[in-house]
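What follows is a set of notes on a single structure, which appears directly below.
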Amino acid sequence: MTKKLLSGDEAVARGAWEAGCHLAAAYPGTPSTEILETLSTYNDVYCEWSTNEKVALEVALGASISGARALAAMKHVGLNVAADPFFSAAYIGARGGLVIITADDPGLHSSQNEQDNRYYGLMARIPVICPSDSQEARDYTMRAFDLSEEFNIPVLMRLTTRSAHSSSVVEVGERHDHPVKGYEKQITRTMVLPAFAKILHADLEKRLDRVREWNEKCDLNRIEAGSRLGIITDGVAYQYAREVFPAASFLKLGMVWPFPVDLVRRFAATVEELIVIEEIDPFIETQVRALNPSSVTGQPSKITGKDKLPRTDELSPCVLRSSLESATAKLQTPNSESSALDVRRSTLPELPKRPPALCPGCPHTGIFWGLQKQKLIIGGDIGCYTLGGLPPHSAMDTCIDMGASVSFAHGCDKALGKTDPRRRVAFIGDSTFFHSGITGLINTVYNQSNVVTIISDNRTTGMTGHQNHPGTGQTLMGNVGHVIKPEEIAKACGVKNVVVVDPYKVKETRKVMREILAKDEPAVIINRRACALHIKLHNPPYKVDPEKCTGCKTCITLGCPALSWEKVQGSTGSRVQAPEPEPSTPGTPEPRSLARITEDICVGCGMCADVCPQEAISRSASAELQTPKSETGSKP
Amino acid sequence: MFDTRRSALGVRRLAFGIRRLAFVVRRLELPMNIMVCGVGGQGVILFSNIISELALTAGLDVKKSEVHGMAQRGGSVTSHIRFAPKVYSPLIEEGTADIIVAFEMLEAVRFSYFLSPSGRLIYDPHRIDPLPVTTGAVERPTDEWLEQQLAARVGKRGLPAENGDCTAANPMSRSEGLSPFSASAGDSSLIRVPAFQAALKLGNSRVQNTVMLGAISVYLDFPEPAYRDAIQRLVKPKVVDLNLKAFSAGRALCKL
């Protein structure tokens with residue numbers, strides 16, 4: 001046994017590899033992305049970035065039906081996309097072990113909601129297991145494959161951002177090979193037709209009864225005996241609770257559904273007071289309260305849960321201390337004066353916030369500049385470019401879910417018709433377009449709205465850390481295949497007006513866009529430039545000529561972090577609200593307030609020089625430019 | 001409680017020794033909490049990986065927590081590192097960080113409330129202005145003002161418990177000089193390390209993180225060769241030499 005420091009995601013990959021997983025499919029999504037990135041570095045496992053989570057789960061199910069061990073990984077909202085095959089998979093069962101990883105995001109570090117996917121298990125009738133650290137992530141993944149095959153049922157494993165992205169020590173082993181069992185035709189199991197599905201549903205409930213029985217005694221759940229205060233918990237919440245209540249008795253649930261009823265009753269009988277500690281929804285608590293353990297055992301007298309603990313955001317030891325003040329005080333646990341901690345935090349002076357920002361040289365920046373201050377309703381989508389909805393870009397109205405930009409714009413167009421002069425626009429990234437934008441685009445053509453769809457094609461899946469997708473033609477296994485071009489898809493969908501623009505030619509892009517927006521017909525604009533971060537664009541920096549700069553702020557409205565607008569005097573440290581930048585008002589000089597370029601982060605894209613009305617921004621003539629491979633291509 | 005009136009001097013000393021020993025033992029079991037903060041792209045994560053690997057090599061339980069994703073795009077980035085014989089929570093609690101390492105001064109102030117009253121704050125005076133500042137929406141805090149804030153946070157150390165600062169009364173918080181992991185290289189608790197400037201002098205601002213690694217190495221108990229070994233294992237081969245130089249530069253900046 002060797003010890004390694006692995007993140008939860010890396011540990012899942014390790015566990016899958018050791019368990020003899022044959023196939024893994026995923027669509028990148030924080031905090032789940034690193035599972036497939038890591039697993040693809042091991043031999044003997046076929047890995048792919050599928051076009052979306054539904055496809056990924058169907059691919060994994062295909063492998064499982066063929067008798068192979070298969071894994072599908074996704075972020076929590078990805079399971080919404082994959083919900084359809086998820087429910088069918090429960091009926092069909094798992095000939096080869098089928099493990100589905102959902103990486104939930106309490107605290108919304110990088111997501112649109114905080115949904116608690118443990119409910120998916122309950123709803124689809126699929127067992128749910130929740131590791132609390134990386135060792136468990138590896139161990140439980142291996143157990144999940146065994147369980148899945150033993151009980152002929154898919155297994156859902158729920159990570160959270162904290163367990164997925166925290167690293168801890170893992171004892172690892174070697175791979176155990178499980179030969180692929182092979183495909184056997186059995187339509188009563190693999191065709192969920194009403195007649196067959198009716199039988200499969202009854203069979204599923206029987207399988208679940210067996211899992212529940214097994215879960216009563218299995219070692220995924222453990223009791224740690226301590227004081228008369230009993231804590232029932234799962235996932236990373238266990239680690240926080242263990243820190244805050246070192247003396248308490250613990251029932252740590254590894255498999256939270258099917259719920260181990262007798263185990264919980266047994267545990268409840270040994271304590272005087274129960275606290276259920278879990279993140280987001282009262283999933284365990286509801287089931288504990290439904291048992292009404294006090295009526296069975298005479299104790300405990302009291303159950304505490306979401307009446308004290310927050311239903312939103314991540315937990316932390318601090319949150320536990322402040323929410324469960326009375327319990328911590330009674331036990332005299334360390335650091336109990338939590339209210340004083342709040343004082344400590346509140347004594348911090350107000351500081352400028354640091355919201356995430358688009359990178360210097362970001363190709364989305366160029367097209368956002370062209371969209372500003374126009375009479376448009378812009379349906380946004382999910383990716384780095386979602387930041388375009390915020391100032392100074394302010395070039396987006398919605399962020400709903402993957403692919404919603406196009407369908408939103410269509411719905412908006414149908415509802416408003418000619419009553420609203422604002423043109424309806426959809427803004428979607430390349431990877432998101434392949435994920436679920438295409439069906440929406442076909443719908444706009446079929447149902448005849450004149451939505452203008454902008455596909456901002458930065459040649460990669462940027463937000464999640466540069467994964468390949470159908471538009472790059474390169475696969476996760478390193479094979480090079482056909483490059484699928486969004487413009488060809490757009491044309492094939494029936495859009496006649498398709499143009500490709502270069503966002504680094506900012507003004508020209510705006511001109512082309514205005515022409516298209518003026519015409520009353522559907523159109524697709526492909527905004528093509530490789531992600532500057534991905535290709536590591538690093539051209540010599542630009543400079544602002546202080547003699548020519550009038551402080552008009554036109555360049556500032558690009559929202560490039562390398563550009564700043566500086567008052568030459570008057571910095572006292574007191575943060576007073578300065579007036580909002582007034583874009584597009586060239587020639588209104590403000591003395592002693594000039595644009596400046598931070599040279600060590602400028603990547604030399606030249607967008608600011610392109611928009612500067614005074615031609616005050618330039619690069620020194622001797623500068624050597626990066627080779628043109630950076631222009632549009634993907635990373636070699 | 002110990003009754004001095006009925007005790008000989010030797011007994012008092014013995015009792016003191018036992019109490020002190022008990023404290024050290026308890027302290028040994030408490031995790032060492034290191035918080036690293038900066039801005040996306042500054043190398044916070046590589047820095048944290050190296051420290052965590054060192055603790056793992058030293059046979060300790062280690063937990064390291066950070067969040068990837070949206071914050072990478074120029075947002076605030078923090079990493080929590082905890083090591084001890086056994087660590088539960090991957091998150092450091094407010095007011096309990098033994099060391100905060102900040103790669104950017106605004107971020108140093110932003111996360112300074114995590115510092116333990118006996119903790120050390122190592123910061124680079126380097127500035128990366130956030131978007132609200134660069135666009136002129138918010139006034140830029142001056143360097144002087146930020147450094148005053150840092151001094152004020154660290155100045156809270158050693159306050160008696162009745163002063164109302166819970167962390168001083170907190171049995172989890174450390175007494176000065178008793179930490180088994182922190183060396184006594186100077187008694188300063190606020191350490192200014194111009195790592196970005198040092199990295200520029202070495203010809204690549206991206207090794208700022210390794211300069212900071214050199215700086216923190218002076219205050220941790222891991223042997224120096226272990227750092228160099230970890231650098232060789234964890235950075236790309238073609239920049240190993242540069243990083244080793246940056247590490248030495250960081251150490252030189254902090255050695256008295």
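Every chain in the structure tokens has a letter given in the order shown (A, B, ...), and although residue numbers restart at 1 in each chain, ligands are simply numbered from 1 in the order shown.
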**Message:** For His165 of chain A, find every residue with an atom within 8 Å (counting only C-alpha atoms), except residues of its own chain fewer than 4 positions away, and show them as a list in words.
**Reply:** Ser7, Gly8, Asp9, Pro31 and Thr161 of chain A; Ser65, Glu66, Val67 and His68 of chain B
**Message:** as a ChimeraX atom specification, please: every residue in segment 67-288 of chain A that DSSP puts in helix (DSSP H, G or I).
**Reply:** /A:76-81,83-92,118-124,134-151,161-165,187-190,194-217,235-244,261-269,283-288
Give one line per residue of segment 185-245 of chain B that approaches segment 108-113 of chain B to at most 12 Å, naming the two atoms of the closest pair and their distance in Å to one decimal, counting only C-alpha atoms; sort by chain then ascending residue number and deliver it as a Markdown table.
| residue | atom | partner | partner_atom | distance |
| --- | --- | --- | --- | --- |
| B:Leu190 | CA | B:Ala108 | CA | 10.9 |
| B:Ile191 | CA | B:Ala108 | CA | 11.5 |
| B:Arg192 | CA | B:Ala108 | CA | 11.0 |
**Request:** Run DSSP on the backbone and give me the residues of segment 100-300 of chain A it puts in strand (DSSP E or B), as a ChimeraX atom specification.
**Result:** /A:100-104,128-129,155-160,166-172,222-224,229-234,249-253,255-257,273-277
**Message:** Please list as number ranges by chain every residue within 12 Å of Phe247 of chain B, counting only C-alpha atoms and excluding residues in the same chain fewer than 6 positions away.
**Reply:** B: 47, 50, 195, 198-199, 202, 207-218, 224-232, 240-241, 253-254
**Message:** Would you pick out the contacts of Gly40 of chain B at 12 Å or less, using only C-alpha atoms, so that residues sharing its chain but fewer than 2 positions from it are not included, and give the list as a PyMOL selection string?
**Reply:** (chain A and resi 354-359) or (chain B and resi 36-38+42-46+66-79+103-104+107+128+130)
**Polymer residues at most 12 Å from Phe114 of chain B, only C-alpha atoms, same-chain spacing of 3 or more positions, as a PyMOL selection string** = (chain A and resi 318+341-342+344-346+348) or (chain B and resi 33-37+78+80+91-102+107-111+117-121+153-154+167+173)
**Request:** Just give me the gap between atom CA of Ile81 of chain B and atom CA of Ala55 of chain B in Å, one decimal is fine.
**Result:**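 We find that atom CA of Ile81 of chain B and atom CA of Ala55 of chain B lie 9.7 Å from each other.
Considering the residues A:Glu566, A:Glu350, A:Val544, A:Met463 and counting only C-alpha atoms, Cys531 of chain A has its shortest atom-to-atom contact with A:Met463.
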**Request:** Work out how far apart atom CA of Pro392 of chain A and atom CA of Pro540 of chain A are and give it in Å to one decimal.
**Result:**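 Computing it gives 25.1 Å between the two atoms.
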**Message:** Calculated over only C-alpha atoms, which of the candidates B:Ser89, B:Thr134, B:Asn49, B:Thr57 has the smallest distance to Lys353 of chain A?
**Reply:**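 Of B:Ser89, B:Thr134, B:Asn49, B:Thr57, the one nearest Lys353 of chain A is B:Thr134, counting only C-alpha atoms.
Shortest separation to Thr509 of chain A among A:Gly379, A:Pro541, A:Gly366, A:Gly465 occurs at residue A:Gly366, atoms counted being only C-alpha atoms.
Using only C-alpha atoms, the smallest distance between any of B:Leu60, B:Ile51, B:Ala137, B:Ile122 and chain A comes from B:Ala137.
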**Request:** Can you pull out every residue within 10 Å of Asn215 of chain A, counting only C-alpha atoms, but drop anything in the same chain fewer than 2 positions away, and send it as JSON, numbers by chain?
**Result:** {"A": [127, 209, 210, 211, 212, 213, 217, 218, 219, 220, 221, 253, 254, 255, 256, 257, 258, 259, 260, 261, 262, 263]}
